[in-house]
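Asker: File my_file-v6.cif follows (mmCIF, C-alpha atoms):
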data_model
#
loop_
_atom_site.label_atom_id
_atom_site.label_comp_id
_atom_site.auth_asym_id
_atom_site.auth_seq_id
_atom_site.Cartn_x
_atom_site.Cartn_y
_atom_site.Cartn_z
CA MET A 195 30.33 65.69 147.00
CA PRO A 196 30.97 63.71 143.79
CA LEU A 197 30.47 59.96 144.05
CA MET A 198 33.34 59.29 141.67
CA THR A 199 35.91 61.47 139.91
CA ALA A 200 38.42 59.98 137.49
CA VAL A 201 41.02 60.90 134.89
CA HIS A 202 41.59 58.37 132.12
CA ARG A 203 44.57 58.16 129.76
CA ASP A 204 44.79 54.47 128.82
CA PHE A 205 43.03 54.69 125.45
CA GLU A 206 44.01 52.82 122.31
CA VAL A 207 43.21 55.00 119.31
CA ARG A 208 43.34 53.16 116.00
CA PHE A 209 43.21 54.52 112.46
CA ASN A 210 42.69 51.18 110.75
CA ASP A 211 39.71 52.16 108.59
CA PRO A 212 40.76 54.77 105.98
CA GLY A 213 37.31 54.51 104.40
CA ARG A 214 35.75 55.97 107.55
CA ILE A 215 38.07 58.96 107.30
CA LEU A 216 37.28 59.42 103.61
CA VAL A 217 33.58 59.62 104.48
CA ARG A 218 34.37 62.29 107.09
CA ILE A 219 36.08 64.46 104.47
CA GLY A 220 33.18 64.02 102.06
CA TYR A 221 34.67 61.43 99.71
CA LYS A 222 31.78 59.09 98.91
CA LYS A 223 33.40 56.57 96.58
CA ARG A 224 34.08 53.29 98.41
CA PRO A 225 36.02 51.11 98.13
CA LEU A 226 39.04 52.72 96.54
CA PRO A 227 41.92 50.90 94.83
CA ASP A 228 45.04 50.63 96.97
CA ASP A 229 46.94 52.92 94.62
CA ASP A 230 44.40 55.76 94.85
CA PRO A 231 46.32 58.96 95.72
CA ILE A 232 43.70 60.22 98.18
CA LEU A 233 43.72 56.90 100.02
CA ALA A 234 47.52 57.00 100.14
CA LEU A 235 47.43 60.52 101.57
CA VAL A 236 44.93 59.52 104.27
CA ARG A 237 47.16 56.61 105.27
CA GLU A 238 50.18 58.90 105.48
CA GLU A 239 48.30 61.36 107.65
CA ALA A 240 47.01 58.51 109.82
CA ASP A 241 50.60 57.63 110.65
CA ARG A 242 51.24 61.27 111.50
CA ALA A 243 48.06 61.51 113.58
CA ALA A 244 48.99 58.44 115.62
CA SER A 245 52.11 60.25 116.84
CA LEU A 246 50.25 63.46 117.65
CA VAL A 247 47.19 62.37 119.64
CA ARG A 248 47.35 62.43 123.43
CA PRO A 249 44.01 60.85 124.36
CA ALA A 250 42.56 61.64 127.77
CA ALA A 251 39.23 62.01 129.51
CA ALA A 252 38.00 63.35 132.83
CA SER A 253 34.69 62.27 134.32
CA VAL A 254 32.59 62.73 137.43
CA ILE A 255 29.44 61.10 138.77
CA ILE A 256 27.28 63.30 140.97
CA GLU A 257 23.90 63.14 142.66
CA ALA A 258 21.13 64.74 140.61
CA SER A 259 20.65 67.17 143.49
CA GLU A 260 24.15 68.53 142.76
CA THR A 261 23.25 69.63 139.23
CA ASP A 262 22.12 73.15 138.34
CA GLY A 263 18.50 71.99 138.17
CA HIS A 264 18.20 72.20 134.40
CA SER A 265 15.36 70.20 132.86
CA THR A 266 17.85 67.99 131.03
CA PHE A 267 18.47 66.26 134.37
CA LEU A 268 14.77 65.66 135.06
CA ASN A 269 14.05 62.34 136.83
CA ALA A 270 17.72 61.41 137.09
CA GLN A 271 19.00 59.84 140.28
CA LYS A 272 22.63 60.50 139.44
CA VAL A 273 24.44 62.14 136.54
CA ALA A 274 27.75 61.37 134.82
CA LEU A 275 29.60 64.29 133.24
CA CYS A 276 32.61 63.84 131.00
CA VAL A 277 35.17 65.71 128.89
CA CYS A 278 37.29 63.90 126.28
CA THR A 279 40.25 65.24 124.29
CA ILE A 280 43.21 64.32 122.11
CA GLY A 281 45.30 67.29 123.21
CA PRO A 282 46.57 70.25 121.14
CA ARG A 283 49.33 68.76 118.98
CA LEU A 284 47.22 67.43 116.11
CA GLU A 285 45.31 70.70 115.91
CA GLU A 286 48.58 72.62 115.77
CA GLU A 287 49.81 70.40 112.95
CA CYS A 288 46.55 70.97 111.04
CA THR A 289 47.12 74.71 111.29
CA ALA A 290 50.66 74.28 110.00
CA GLN A 291 49.46 72.23 107.01
CA PHE A 292 46.90 74.86 106.03
CA ALA A 293 49.51 77.61 106.42
CA ALA A 294 51.76 75.67 104.04
CA ASN A 295 48.89 75.46 101.49
CA GLU A 296 48.64 71.71 102.07
CA ASP A 297 44.88 71.95 102.39
CA LEU A 298 44.05 68.33 101.59
CA ARG A 299 46.52 67.09 104.17
CA GLY A 300 45.11 69.54 106.68
CA VAL A 301 41.57 68.35 105.99
CA ALA A 302 42.59 64.69 106.28
CA LEU A 303 44.43 65.33 109.53
CA ASP A 304 41.47 67.25 110.92
CA ALA A 305 39.15 64.35 110.06
CA LEU A 306 41.51 61.91 111.75
CA GLY A 307 41.45 64.08 114.87
CA SER A 308 37.65 64.09 114.91
CA ASP A 309 37.66 60.32 114.51
CA ALA A 310 40.09 59.96 117.42
CA VAL A 311 37.89 62.07 119.72
CA ALA A 312 34.89 59.97 118.68
CA GLN A 313 36.74 56.78 119.59
CA ILE A 314 37.58 58.10 123.06
CA THR A 315 34.01 59.28 123.55
CA ARG A 316 32.62 55.84 122.69
CA VAL A 317 34.89 54.22 125.27
CA MET A 318 33.87 56.69 127.97
CA ASP A 319 30.19 56.41 127.06
CA ARG A 320 30.32 52.67 127.57
CA LEU A 321 32.44 52.89 130.74
CA LEU A 322 30.00 55.32 132.38
CA ALA A 323 26.96 53.34 131.22
CA GLU A 324 28.48 50.23 132.78
CA GLU A 325 29.03 52.15 136.01
CA ALA A 326 25.35 53.10 136.07
CA LEU A 327 24.39 49.45 135.78
CA ARG A 328 26.80 48.53 138.58
CA LEU A 329 24.99 51.08 140.74
CA GLY A 330 21.66 49.43 139.93
CA LEU A 331 20.55 52.32 137.70
CA TRP A 332 19.72 52.72 134.00
CA PRO A 333 21.91 55.01 131.87
CA SER A 334 20.51 57.37 129.27
CA LYS A 335 22.19 57.92 125.95
CA LYS A 336 24.93 60.56 126.01
CA TYR A 337 24.02 64.18 125.24
CA ALA A 338 26.33 67.14 124.67
CA PRO A 339 25.72 70.78 125.60
CA GLY A 340 24.07 72.42 122.62
CA TYR A 341 21.69 69.50 122.08
CA ARG A 342 18.00 70.46 122.13
CA ASP A 343 17.24 72.82 125.02
CA TRP A 344 20.51 72.14 126.84
CA ASP A 345 22.18 75.29 125.53
CA VAL A 346 25.92 75.35 124.90
CA SER A 347 26.21 77.91 127.71
CA HIS A 348 25.63 75.02 130.12
CA GLN A 349 29.20 73.99 129.36
CA ALA A 350 29.98 76.32 132.25
CA PHE A 351 28.12 74.07 134.69
CA LEU A 352 29.69 70.92 133.24
CA PHE A 353 33.19 72.38 133.54
CA SER A 354 32.47 73.50 137.11
CA ARG A 355 32.11 69.82 138.05
CA VAL A 356 34.52 67.93 135.77
CA PRO A 357 38.28 68.30 136.49
CA ALA A 358 38.96 69.11 132.84
CA GLU A 359 42.04 71.14 133.73
CA GLN A 360 43.76 67.90 134.66
CA ILE A 361 43.62 66.82 131.01
CA GLY A 362 44.49 70.25 129.64
CA VAL A 363 41.03 71.34 128.47
CA ARG A 364 39.64 74.80 129.21
CA LEU A 365 36.51 76.71 128.30
CA THR A 366 36.46 80.07 126.50
CA GLU A 367 34.10 82.93 127.29
CA SER A 368 31.95 81.78 124.36
CA PHE A 369 31.79 78.25 125.88
CA MET A 370 34.03 76.62 123.28
CA MET A 371 36.54 74.02 124.39
CA VAL A 372 40.29 74.41 123.91
CA PRO A 373 41.86 72.26 122.47
CA ARG A 374 39.14 72.23 119.81
CA LYS A 375 39.41 68.46 119.37
CA SER A 376 37.52 67.84 122.59
CA TYR A 377 34.02 66.63 123.39
CA SER A 378 31.83 66.95 126.48
CA PHE A 379 28.66 65.09 127.42
CA ARG A 380 26.35 63.94 130.17
CA ILE A 381 24.56 60.67 130.91
CA ASN A 382 21.60 60.55 133.28
CA PHE A 383 21.29 57.54 135.58
CA TYR A 384 17.63 56.58 136.13
CA ALA A 385 15.93 54.27 138.60
CA ASP A 386 13.19 53.62 136.04
CA LYS A 387 14.32 51.78 132.91
CA SER A 388 11.41 53.20 130.88
CA LEU A 389 13.01 56.66 131.05
CA THR A 390 15.95 55.70 128.84
CA THR A 391 16.07 54.94 125.11
CA ARG A 392 19.45 53.21 125.36
CA ARG A 393 19.46 49.58 124.27
CA PHE A 394 20.29 46.77 126.68
CA PRO A 395 22.32 44.72 127.03
CA LEU A 396 25.02 47.14 126.02
CA PRO A 397 26.50 46.34 122.59
CA PRO A 398 30.08 45.00 122.47
CA GLY A 399 32.71 47.66 122.97
#
Show how you would write the structure in this file as structure tokens.

Answerer:
Amino acid sequence: MPLMTAVHRDFEVRFNDPGRILVRIGYKKRPLPDDDPILALVREEADRAASLVRPAAASVIIEASETDGHSTFLNAQKVALCVCTIGPRLEEECTAQFAANEDLRGVALDALGSDAVAQITRVMDRLLAEEALRLGLWPSKKYAPGYRDWDVSHQAFLFSRVPAEQIGVRLTESFMMVPRKSYSFRINFYADKSLTTRRFPLPPG
């Protein structure tokens, strides 16, 4: 049985760094003057994105014996599994922008969505790492299916444990998440600190 299962919705997603979004879309010139048209467009789409994101995450902490035995869980005492999402609305609006030949707006909105998912993931990473420490264990860094030898097909195991349906995320037959602006990961909890490369104390959130 899982030690802890939770659904989280109380995230504060902020788009207060347009420069970070510009880097995501491949625009390398920083800083830009306030009247730059690309910067103005990113700010407009940030306002739109703020009304479209529905941030949520579902997580579970299980005993290592409850995993599928994959080598990625080697030496873990417990394992945290998590799925994060911003919901489907921003993705739908991106599609509409591209269909209207507003490609730059679509690209900017897509980058804002990726940034929003990253913000949620950072919050959940820290929350689960803190939970490991409360349990007297040492958290690894987070790793997503598809990293190294943890093949993307192992999404199936992760989704068999995490109540992702409660936040509206499902898995396709090719192991892709829907909505696309979603992210899944695991954190191993170790008894031996030397098994983790995460830095301690945890950096400020």

Asker: At what distance in Å, to one decimal, does atom CA of Met318 of chain A lie from atom CA of Asp204 of chain A?

Answerer: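 A separation of 11.2 Å between them.
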
Asker: Could you state the separation of atom CA of Gln360 of chain A and atom CA of Glu239 of chain A in Å, given to one decimal place?

Answerer: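 Those two atoms sit 28.2 Å apart.
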
Asker: Report as a PyMOL selection string all protein, DNA and RNA residues lying within 12 Å of segment 301-304 of chain A, evaluated on all atoms listed in the file, omitting residues in the same chain fewer than 2 positions from it.

Answerer: chain A and resi 209+212-221+232-247+280+282-292+295-299+306-311+374-375

Asker: In Å, rounded to a single decimal, give me how far atom CA of Leu322 of chain A is from atom CA of Ala270 of chain A.

Answerer: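 Pair atom CA of Ala270 of chain A / atom CA of Leu322 of chain A returns 14.5 Å.
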
Asker: Would you mind telling me which residue in A:Ala323, A:Leu365, A:Ile381, A:Met370 lies nearest to Pro397 of chain A when using all atoms listed in the file?

Answerer: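 The closest residue to Pro397 of chain A is A:Ala323.
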
Asker: I'd like to know which of A:Gly362, A:Val273, A:Trp332, A:Arg320 is closest to Val201 of chain A, using only C-alpha atoms.

Answerer: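 Result for the nearest residue to Val201 of chain A: A:Gly362.
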
Asker: Please evaluate the PyMOL selection byres ((chain A and resi 277) around 8) against the displayed coordinates and give the resulting residues as JSON, numbers by chain.

Answerer: {"A": [251, 252, 253, 275, 276, 278, 279, 356, 358, 376, 377, 378, 379]}

Asker: Would you list the residues near (18.5, 60.0, 136.1) (no more than 7 Å away, in the coordinates of the file, using all atoms listed in the file) as an MDAnalysis selection string?

Answerer: chainID A and resid 267:273 382:385

Asker: Using all atoms listed in the file, which of A:Lys335, A:Ile256, A:Ser368, A:Asp211 sits nearest Arg393 of chain A?

Answerer: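 Smallest separation from Arg393 of chain A among the options: A:Lys335.
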
Asker: Take every atom of segment 333-349 of chain A listed in the file, pad by 8 Å on each side, and give me the axis-aligned box centre and edge lengths in Å, one decimal, as AutoDock Vina command-line options.

Answerer:
--center_x 23.2 --center_y 66.5 --center_z 127.0 --size_x 28.0 --size_y 38.9 --size_z 25.8

Asker: For each of A:Phe351, A:Pro395, A:Gly300, A:Phe369, take the minimum atom-to-atom distance to Thr261 of chain A, counting only C-alpha atoms, then give the residue where this is smallest.

Answerer: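 Going through A:Phe351, A:Pro395, A:Gly300, A:Phe369 one by one, the smallest distance to Thr261 of chain A is for A:Phe351.
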
Asker: Between A:His264, A:Asp228, A:Lys222, A:Val254, which is the closest to Asp343 of chain A once you count only C-alpha atoms?

Answerer: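 That would be A:His264, the residue with the smallest distance to Asp343 of chain A.
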